[in-house]
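Engineer: Sharing structure05.txt, compact mmCIF, C-alpha atoms:
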```txt
# COMPACT_ATOMS: atom_id res chain seq x y z
CA LEU A 575 12.29 -12.42 -36.59
CA GLU A 576 15.82 -11.30 -35.86
CA ALA A 577 17.14 -9.29 -38.79
CA VAL A 578 20.70 -8.98 -40.06
CA VAL A 579 21.60 -5.63 -41.61
CA TRP A 580 23.55 -5.45 -44.86
CA ASP A 581 25.82 -2.42 -44.47
CA ASP A 582 27.92 -2.77 -47.64
CA GLU A 583 26.65 -1.80 -51.09
CA PRO A 584 25.25 -5.12 -52.26
CA ASN A 585 25.37 -6.97 -55.51
CA LEU A 586 21.69 -7.32 -56.43
CA ASP A 587 21.93 -10.92 -57.57
CA SER A 588 23.58 -11.84 -54.30
CA VAL A 589 21.32 -10.01 -51.85
CA LEU A 590 18.10 -10.96 -53.66
CA SER A 591 18.83 -14.63 -53.04
CA TYR A 592 17.87 -13.90 -49.42
CA GLU A 593 14.54 -12.87 -47.90
CA GLY A 594 14.07 -9.52 -46.22
CA ALA A 595 13.97 -5.95 -47.51
CA ILE A 596 16.21 -3.70 -49.61
CA HIS A 597 16.38 0.09 -50.02
CA VAL A 598 16.50 1.03 -53.72
CA HIS A 599 15.88 3.68 -56.32
CA TRP A 600 13.47 2.19 -58.87
CA LEU A 601 12.73 3.06 -62.49
CA ARG A 602 9.52 1.84 -64.12
CA PRO A 603 9.69 0.74 -67.77
CA GLU A 604 7.28 2.12 -70.36
CA SER A 605 6.10 -1.44 -70.95
CA ASP A 606 4.43 -1.59 -67.51
CA LYS A 607 1.05 0.04 -68.17
CA ILE A 608 -0.44 -0.80 -64.77
CA GLY A 609 2.26 0.18 -62.28
CA ALA A 610 3.69 -2.35 -59.83
CA VAL A 611 5.21 -0.06 -57.19
CA ALA A 612 4.03 3.19 -55.63
CA SER A 613 5.43 6.33 -54.05
CA ARG A 614 3.95 8.05 -51.03
CA ASP A 615 2.39 11.45 -51.76
CA PRO A 616 3.97 13.87 -49.24
CA ASP A 617 0.85 16.06 -49.05
CA THR A 618 -1.87 13.43 -48.62
CA ASN A 619 0.26 10.45 -47.47
CA ASN A 620 -1.65 8.35 -50.04
CA LEU A 621 0.05 5.90 -52.36
CA ASP A 622 0.56 7.18 -55.92
CA TRP A 623 0.72 4.38 -58.51
CA ASN A 624 1.29 6.67 -61.50
CA GLN A 625 4.93 7.51 -60.78
CA PHE A 626 7.75 6.17 -62.96
CA GLU A 627 10.56 6.39 -60.42
CA GLY A 628 11.17 6.74 -56.71
CA THR A 629 13.23 5.61 -53.74
CA ARG A 630 11.84 3.26 -51.09
CA TRP A 631 12.17 -0.02 -49.23
CA LEU A 632 11.02 -3.15 -51.07
CA THR A 633 10.64 -6.70 -49.88
CA MET A 634 13.02 -9.09 -51.63
CA CYS A 635 10.10 -10.90 -53.27
CA GLN A 636 8.79 -7.61 -54.67
CA ALA A 637 12.26 -6.59 -55.88
CA ARG A 638 12.67 -9.89 -57.76
CA PHE A 639 9.19 -9.46 -59.25
CA LEU A 640 9.97 -5.91 -60.43
CA ILE A 641 13.20 -6.97 -62.10
CA ASP A 642 11.27 -9.65 -63.99
CA ARG A 643 8.89 -6.90 -65.17
CA GLY A 644 11.77 -4.84 -66.55
CA TYR A 645 12.29 -2.39 -63.69
CA THR A 646 15.75 -0.98 -62.96
CA LEU A 647 16.70 -1.19 -59.28
CA THR A 648 19.72 0.56 -57.79
CA PRO A 649 20.62 -0.01 -54.10
CA VAL A 650 20.62 3.25 -52.10
CA PRO A 651 22.15 3.72 -48.62
CA TYR A 652 19.71 4.36 -45.77
CA ALA A 653 20.62 6.13 -42.51
CA TYR A 654 19.25 3.94 -39.74
CA GLU A 655 19.16 5.29 -36.18
CA LYS A 656 19.57 2.58 -33.59
CA THR A 657 19.23 3.01 -29.82
CA ARG A 658 21.98 1.36 -27.77
CA THR A 659 22.09 0.82 -24.01
CA LYS A 660 24.87 -0.29 -21.65
CA VAL A 661 25.60 -0.32 -17.92
CA ASN A 662 28.81 1.49 -16.86
CA ASP A 663 31.15 0.69 -13.99
CA GLU A 664 28.96 2.63 -11.55
CA GLU A 665 26.03 0.44 -12.67
CA ASP A 666 24.27 3.38 -14.28
CA GLN A 667 22.34 2.65 -17.45
CA ILE A 668 23.55 4.75 -20.37
CA THR A 669 21.46 5.09 -23.54
CA TRP A 670 22.54 6.73 -26.80
CA ASN A 671 21.54 6.78 -30.45
CA GLU A 672 23.88 5.49 -33.11
CA VAL A 673 23.35 6.14 -36.83
CA ILE A 674 24.47 3.37 -39.18
CA THR A 675 24.22 3.17 -42.95
CA ILE A 676 22.48 0.10 -44.32
CA TYR A 677 21.31 -1.08 -47.73
CA ALA A 678 19.25 -4.12 -46.84
CA ILE A 679 17.85 -6.24 -44.03
CA VAL A 680 18.03 -10.00 -44.46
CA CYS A 681 16.23 -12.53 -42.27
CA PRO A 682 16.96 -16.14 -41.41
CA SER A 683 14.38 -18.67 -42.57
CA LEU A 684 11.68 -19.74 -40.12
CA ASP A 685 11.73 -23.27 -38.74
CA PHE A 686 7.98 -23.52 -39.31
CA ASN A 687 5.42 -22.39 -41.88
CA PRO A 688 2.89 -19.99 -40.25
CA PHE A 689 0.65 -20.11 -43.31
CA GLU A 690 -0.15 -23.80 -42.77
CA VAL A 691 -2.08 -22.72 -39.67
CA VAL A 692 -3.81 -19.94 -41.63
CA GLY A 693 -4.67 -22.45 -44.35
CA SER A 694 -6.35 -24.69 -41.79
CA TRP A 695 -8.43 -21.70 -40.59
CA TYR A 696 -9.44 -20.98 -44.18
CA ASP A 697 -10.53 -24.60 -44.73
CA LYS A 698 -12.57 -24.49 -41.51
CA ARG A 699 -14.27 -21.26 -42.59
CA ILE A 700 -15.26 -22.77 -45.97
CA GLU A 701 -16.63 -25.84 -44.20
CA LEU A 702 -18.74 -23.69 -41.86
CA LYS A 703 -19.87 -21.41 -44.67
CA ASN A 704 -21.02 -24.32 -46.83
CA ASN A 705 -23.08 -25.56 -43.88
CA ASN A 706 -24.63 -22.10 -43.33
CA ASP A 707 -22.99 -22.03 -39.89
CA PRO A 708 -22.86 -18.42 -38.56
CA ARG A 709 -19.60 -19.22 -36.76
CA GLU A 710 -17.85 -18.78 -40.12
CA LEU A 711 -17.84 -15.03 -39.39
CA LEU A 712 -15.82 -15.62 -36.22
CA VAL A 713 -13.22 -17.60 -38.19
CA LYS A 714 -13.09 -14.81 -40.77
CA LEU A 715 -12.39 -12.29 -38.01
CA LEU A 716 -9.69 -14.59 -36.63
CA MET A 717 -8.04 -14.80 -40.06
CA ASN A 718 -8.14 -11.04 -40.66
CA ALA A 719 -6.97 -10.02 -37.19
CA GLY A 720 -4.89 -12.97 -36.04
CA SER A 721 -3.18 -13.93 -39.29
CA PHE A 722 -2.58 -10.48 -40.78
CA GLY A 723 -3.67 -7.56 -38.63
CA LYS A 724 -1.52 -8.42 -35.61
CA TRP A 725 1.59 -8.78 -37.75
CA VAL A 726 1.36 -5.18 -38.96
CA GLU A 727 -0.34 -3.48 -36.02
CA ILE A 728 0.94 0.01 -35.17
CA ASN A 729 -0.85 2.10 -32.54
CA THR A 730 -0.52 5.37 -30.68
CA ASP A 731 -1.01 5.57 -26.92
CA GLN A 732 -4.10 7.54 -25.87
CA ARG A 733 -5.62 7.86 -22.41
CA VAL A 734 -8.27 9.85 -20.55
CA ALA A 735 -6.70 12.25 -18.04
CA SER A 736 -7.08 15.62 -16.39
CA GLU A 737 -4.99 18.58 -17.49
CA MET A 738 -3.24 18.63 -14.10
CA ASP A 739 -2.46 14.93 -14.38
CA TRP A 740 -0.96 15.56 -17.83
CA GLU A 741 1.23 18.40 -16.54
CA ASN A 742 2.53 16.44 -13.55
CA ASN A 743 2.82 12.86 -14.78
CA TYR A 744 3.46 12.85 -18.55
CA SER A 745 6.61 13.67 -20.50
CA ASN A 746 6.85 16.46 -23.09
CA GLU A 747 6.05 14.09 -25.99
CA TRP A 748 2.47 13.69 -24.76
CA GLU A 749 -0.17 16.10 -26.06
CA PHE A 750 -3.30 17.14 -24.17
CA ASN A 751 -6.67 17.81 -25.81
CA GLY A 752 -9.23 19.21 -23.40
CA VAL A 753 -12.82 18.09 -23.88
CA GLN A 754 -14.98 19.14 -20.92
CA GLU A 755 -14.61 20.86 -17.57
CA ILE A 756 -15.91 18.76 -14.69
CA ASP A 757 -16.03 20.19 -11.15
CA GLY A 758 -13.61 22.95 -12.14
CA GLU A 759 -11.06 20.56 -13.68
CA MET A 760 -10.46 20.16 -17.43
CA ILE A 761 -10.76 16.54 -18.55
CA GLY A 762 -9.63 15.29 -21.94
CA TYR A 763 -7.28 12.99 -23.81
CA VAL A 764 -3.52 12.69 -23.52
CA LYS A 765 -1.89 11.23 -26.58
CA ASN A 766 1.64 10.26 -27.54
CA PRO A 767 1.71 10.89 -31.32
CA ALA A 768 4.67 8.57 -31.91
CA PRO A 769 3.46 5.33 -33.58
CA LYS A 770 4.34 2.22 -31.61
CA ARG A 771 4.44 -1.41 -32.61
CA ALA A 772 2.86 -4.07 -30.49
CA SER A 773 5.34 -6.55 -29.01
CA ASN A 774 4.23 -9.40 -31.28
CA THR A 775 4.13 -7.62 -34.63
CA ALA A 776 6.20 -8.71 -37.62
CA ASN A 777 6.01 -5.95 -40.22
CA LEU A 778 8.10 -7.88 -42.72
CA MET A 779 5.62 -10.77 -42.59
CA GLY A 780 2.75 -8.38 -43.24
CA SER A 781 4.67 -6.77 -46.11
CA TYR A 782 5.29 -10.15 -47.74
CA ILE A 783 1.59 -11.04 -47.51
CA THR A 784 0.62 -7.72 -49.10
CA ASP A 785 3.23 -8.02 -51.85
CA TYR A 786 2.34 -11.59 -52.81
CA ALA A 787 -1.33 -10.59 -53.03
CA ARG A 788 -0.40 -7.57 -55.17
CA MET A 789 1.78 -9.72 -57.44
CA ALA A 790 -1.16 -12.07 -57.98
CA LEU A 791 -3.32 -9.07 -58.92
CA LEU A 792 -0.73 -7.74 -61.36
CA LYS A 793 -0.23 -11.11 -63.03
CA MET A 794 -3.98 -11.45 -63.58
CA GLY A 795 -4.13 -7.83 -64.76
CA ASP A 796 -1.49 -8.63 -67.37
CA LEU A 797 -3.53 -11.61 -68.58
CA ILE A 798 -6.72 -9.55 -68.84
CA GLY A 799 -5.01 -6.54 -70.41
CA HIS A 800 -4.61 -3.12 -68.83
CA GLU A 801 -7.10 -1.54 -71.25
CA HIS A 802 -9.91 -3.64 -69.71
CA LEU A 803 -9.16 -2.82 -66.06
CA ILE A 804 -11.65 -0.40 -64.48
CA TYR A 805 -11.27 -0.80 -60.72
CA CYS A 806 -9.05 -2.81 -58.39
CA ASP A 807 -9.56 -3.79 -54.76
CA THR A 808 -7.22 -5.81 -52.56
CA ASP A 809 -8.36 -9.12 -54.07
CA SER A 810 -10.49 -8.33 -57.12
CA PHE A 811 -10.80 -6.53 -60.45
CA LYS A 812 -13.75 -4.93 -62.13
CA ILE A 813 -13.18 -5.24 -65.88
CA SER A 814 -14.86 -4.23 -69.12
CA LEU A 815 -16.04 -6.77 -71.70
CA PRO A 816 -15.58 -8.21 -74.23
CA ILE A 817 -12.03 -9.47 -73.74
CA GLU A 818 -10.67 -10.69 -77.04
CA GLY A 819 -7.49 -12.70 -77.29
CA CYS A 820 -7.28 -13.16 -73.53
CA TYR A 821 -6.09 -16.56 -72.27
CA ILE A 822 -6.45 -17.37 -68.57
CA PRO A 823 -5.11 -20.81 -67.55
CA ASP A 824 -7.74 -23.15 -66.12
CA ASN A 825 -5.64 -23.99 -63.05
CA ILE A 826 -5.92 -20.46 -61.62
CA MET A 827 -9.73 -20.37 -61.92
CA GLY A 828 -11.87 -21.95 -59.19
CA ARG A 829 -13.01 -21.62 -55.58
CA GLU A 830 -9.85 -22.75 -53.81
CA LEU A 831 -7.53 -20.46 -51.84
CA GLY A 832 -5.48 -18.39 -54.29
CA GLN A 833 -7.73 -19.10 -57.29
CA TRP A 834 -9.84 -16.59 -59.21
CA ALA A 835 -13.59 -16.70 -59.84
CA ILE A 836 -16.09 -14.61 -61.79
CA GLU A 837 -18.39 -13.39 -59.03
CA ASN A 838 -20.80 -11.17 -60.96
CA GLU A 839 -21.61 -9.25 -64.11
CA MET A 840 -22.59 -5.57 -64.20
CA ASP A 841 -24.00 -3.19 -66.78
CA TYR A 842 -23.26 -0.07 -64.68
CA PHE A 843 -20.28 0.85 -62.50
CA HIS A 844 -19.25 4.26 -61.16
CA ALA A 845 -16.41 4.82 -58.67
CA ILE A 846 -15.17 8.16 -57.35
CA LYS A 847 -12.47 6.85 -55.01
CA PRO A 848 -11.42 3.52 -53.42
CA LYS A 849 -14.28 1.67 -51.72
CA GLN A 850 -16.79 4.31 -52.82
CA TYR A 851 -18.82 3.17 -55.81
CA LYS A 852 -22.24 2.41 -57.26
CA THR A 853 -22.95 -0.63 -59.38
CA HIS A 854 -25.81 -2.58 -60.96
CA PHE A 855 -25.50 -6.38 -60.98
CA ILE A 856 -27.19 -8.28 -63.77
CA SER A 857 -25.88 -11.66 -62.59
CA LYS A 858 -24.27 -13.03 -59.45
CA GLU A 859 -22.39 -16.22 -58.73
CA ASP A 860 -24.11 -19.12 -57.03
CA ARG A 861 -21.53 -19.98 -54.34
CA THR A 862 -22.60 -23.62 -54.37
CA THR A 863 -22.42 -24.34 -58.10
CA GLY A 864 -20.25 -21.47 -59.33
CA ASP A 865 -22.84 -20.63 -62.02
CA LEU A 866 -23.85 -17.06 -62.79
CA ILE A 867 -27.54 -16.44 -62.06
CA LYS A 868 -29.43 -13.50 -63.54
CA CYS A 869 -30.39 -10.76 -61.09
CA ASP A 870 -31.36 -7.08 -60.86
CA ILE A 871 -29.49 -5.63 -57.88
CA TRP A 872 -28.23 -2.11 -57.25
CA LYS A 873 -25.47 -1.57 -54.70
CA ILE A 874 -23.89 1.59 -53.30
CA ARG A 875 -20.83 1.56 -51.09
CA ILE A 876 -19.60 4.76 -49.45
CA LYS A 877 -17.06 4.66 -46.65
CA GLY A 878 -18.54 6.00 -43.43
CA VAL A 879 -22.13 5.84 -44.68
CA ASN A 880 -24.78 3.39 -43.48
CA VAL A 881 -26.57 2.97 -46.82
CA LYS A 882 -29.36 0.89 -45.25
CA GLY A 883 -29.80 3.75 -42.78
CA VAL A 884 -30.10 6.22 -45.68
CA ILE A 885 -32.87 4.12 -47.23
CA LYS A 886 -34.63 3.78 -43.85
CA HIS A 887 -34.50 7.56 -43.30
CA LEU A 888 -36.02 8.24 -46.74
CA TRP A 889 -38.73 5.66 -46.09
CA LEU A 890 -39.69 7.23 -42.75
CA GLU A 891 -39.80 10.70 -44.30
CA GLU A 892 -42.43 9.38 -46.71
CA HIS A 893 -44.30 6.78 -44.64
CA GLU A 894 -43.47 7.75 -41.01
CA THR A 895 -43.48 4.15 -39.79
CA GLY A 896 -42.45 0.61 -40.72
CA ASP A 897 -39.48 -0.72 -42.69
CA PRO A 898 -38.55 -0.11 -46.34
CA THR A 899 -39.93 -2.61 -48.84
CA ASN A 900 -37.63 -4.34 -51.31
CA GLY A 901 -39.16 -2.33 -54.13
CA PHE A 902 -38.56 0.97 -52.32
CA SER A 903 -34.94 0.02 -51.54
CA HIS A 904 -34.33 -0.95 -55.17
CA GLN A 905 -35.73 2.36 -56.41
CA VAL A 906 -33.67 4.45 -53.96
CA LEU A 907 -30.43 2.65 -54.82
CA SER A 908 -31.08 3.01 -58.54
CA GLU A 909 -31.72 6.77 -58.24
CA LEU A 910 -29.14 7.82 -55.64
CA CYS A 911 -25.93 9.40 -56.92
CA LEU A 912 -22.60 9.11 -55.13
CA ALA A 913 -22.43 12.91 -54.79
CA ASP A 914 -25.91 13.21 -53.21
CA LYS A 915 -26.21 14.25 -49.57
CA MET A 916 -26.71 11.11 -47.47
CA ARG A 917 -28.70 11.38 -44.23
CA PHE A 918 -28.90 8.47 -41.82
CA GLU A 919 -29.08 7.60 -38.14
CA ARG A 920 -26.11 6.24 -36.25
CA LEU A 921 -25.34 5.28 -32.68
CA VAL A 922 -23.19 7.56 -30.48
CA GLY A 923 -20.25 5.63 -29.01
CA ILE A 924 -18.72 6.09 -25.56
CA ARG A 925 -15.54 7.85 -26.70
CA GLU A 926 -17.46 10.18 -29.02
CA SER A 927 -19.94 11.02 -26.26
CA PHE A 928 -17.11 12.21 -24.04
CA ARG A 929 -15.31 14.06 -26.79
CA ARG A 930 -18.40 15.89 -28.11
CA ASN A 931 -20.47 16.09 -24.91
CA LEU A 932 -23.16 13.76 -26.27
CA GLU A 933 -25.09 10.93 -24.63
CA ALA A 934 -23.67 7.49 -25.38
CA GLY A 935 -26.07 4.87 -26.71
CA LYS A 936 -28.37 7.41 -28.33
CA TRP A 937 -29.13 7.60 -32.05
CA MET A 938 -28.24 10.81 -33.90
CA ILE A 939 -28.80 12.12 -37.43
CA GLN A 940 -25.64 12.17 -39.56
CA ASP A 941 -25.21 13.96 -42.89
CA LYS A 942 -22.44 13.14 -45.34
CA GLN A 943 -21.82 14.30 -48.90
CA ASN A 944 -18.98 13.35 -51.23
CA ARG A 945 -17.32 15.97 -53.35
```
Write out the structure in this file as structure tokens.

Structural biologist:
Amino acid sequence: LEAVVWDDEPNLDSVLSYEGAIHVHWLRPESDKIGAVASRDPDTNNLDWNQFEGTRWLTMCQARFLIDRGYTLTPVPYAYEKTRTKVNDEEDQITWNEVITIYAIVCPSLDFNPFEVVGSWYDKRIELKNNNDPRELLVKLLMNAGSFGKWVEINTDQRVASEMDWENNYSNEWEFNGVQEIDGEMIGYVKNPAPKRASNTANLMGSYITDYARMALLKMGDLIGHEHLIYCDTDSFKISLPIEGCYIPDNIMGRELGQWAIENEMDYFHAIKPKQYKTHFISKEDRTTGDLIKCDIWKIRIKGVNVKGVIKHLWLEEHETGDPTNGFSHQVLSELCLADKMRFERLVGIRESFRRNLEAGKWMIQDKQNR
């Protein structure tokens, strides 16, 4: 996407008729109890959704959405540093940085709809899933990586090198981290800490996808009522019942792409941070009929913890051999607390083996405890 910068202070109505991004100061109204835009915490770099004002870039679709929710947006100039290159009369290449002030970036419309392709992948995945075809996982990976991940991919360069190689062949931006001395020579990683986009990324496309998903979440949150919202993931809510006086239109409920469905009911839910929670399901959706079927299932999710490995380790401590029974697993999950120390086995990878002087492909005991 070739972008056109908007370097004059824009009239909001005019610039928001385009697609792209705009740099604004935003004010959140008291009426918005959920929070539709976040600020970045300078200490943790995490998003903070409890702020009532800030300055940041917004996609045009998000800016229009915020105005509809009663937000006040004021365009703010942004100093953009652009690298320019030219060849002089002696045919030498000259490079310099030029700082320009911009308010917005607007993009021409595409001559094709990339989401039609993504939609066809989604339909194929549903077809495979309904037929219990394991290839549906491959299509899911294609959708996550090919239709979203690649558009927003940002990486840092990192290579294995000797300290002498780093001193002689890498510029000052590269950092060296020694790991192990081999035959009298220090070997480690050289890393350029500057983030770099892949050649085929389109950050604006990724931002639009994220914002449209978030707008769908917020609209549903408004229908449910903020007082009933307990937990939110990228595509789901966990809510408290009963919901009185709540009207959700029938056309947004179902199993089609973009529709909502009730996937389960719980009588216990405890979360300490995103993607780290414990819950007890008393019913789960039948994916074929859409009906809720009674069940008795405990689930714990902790980032970086192999929960099945935790159960297996506890089983072997008690029985020394074999695999955990369903009854044993159920009991462990019901009794474990999120703050308990978790011990499990995990496989040592190649990069970790080099970095920590371990043997790749071997299993090691890992302890983790949330605070």

Engineer: What does the structure give for the distance between atom CA of Tyr821 of chain A and atom CA of Phe639 of chain A, in Å to one decimal?

Structural biologist: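 We find that atom CA of Tyr821 of chain A and atom CA of Phe639 of chain A lie 21.3 Å from each other.
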
Engineer: One number please: atom CA of Trp889 of chain A to atom CA of Ser903 of chain A, in Å, one decimal.

Structural biologist: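 Between atom CA of Trp889 of chain A and atom CA of Ser903 of chain A the gap is 8.7 Å.
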
Engineer: Determine, counting all atoms listed in the file, which protein, DNA and RNA residues have an atom within 12 Å of an atom of Pro823 of chain A; residues of the same chain fewer than 3 positions away are not included. Present the result as a ChimeraX atom specification.

Structural biologist: /A:793-794,797-798,820,826-828,833-834

Engineer: So which residues touch Ala595 of chain A within 10 Å, counting all atoms listed in the file, skipping near sequence neighbours fewer than 2 positions away, as a ChimeraX atom specification?

Structural biologist: /A:577,579-580,589-590,592-593,597-598,631-637,677-681,778,781-782

Engineer: Find the residues around Lys936 of chain A up to 6 Å (only C-alpha atoms counted), leave out those fewer than 2 positions away in its own chain, and share them as an MDAnalysis selection string.

Structural biologist: chainID A and resid 921:922 934

Engineer: How would you write as a PyMOL selection string the residues that get within 10 Å of (-28.6, 13.3, -48.0) in the file's frame, counting only C-alpha atoms?

Structural biologist: chain A and resi 884+887-888+910+913-918+940-943

Engineer: Quote the spacing between atom CA of Ile874 of chain A and atom CA of Glu801 of chain A in Å to one decimal place.

Structural biologist: 24.8 Å

Engineer: If we count all atoms listed in the file, what is near Ala653 of chain A at a cut-off of 9 Å, once residues fewer than 4 positions away on the same chain are taken out, given as a list in words?

Structural biologist: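 Selected residues are Val673, Ile674, Thr675, Ile676 and Tyr677 of chain A.
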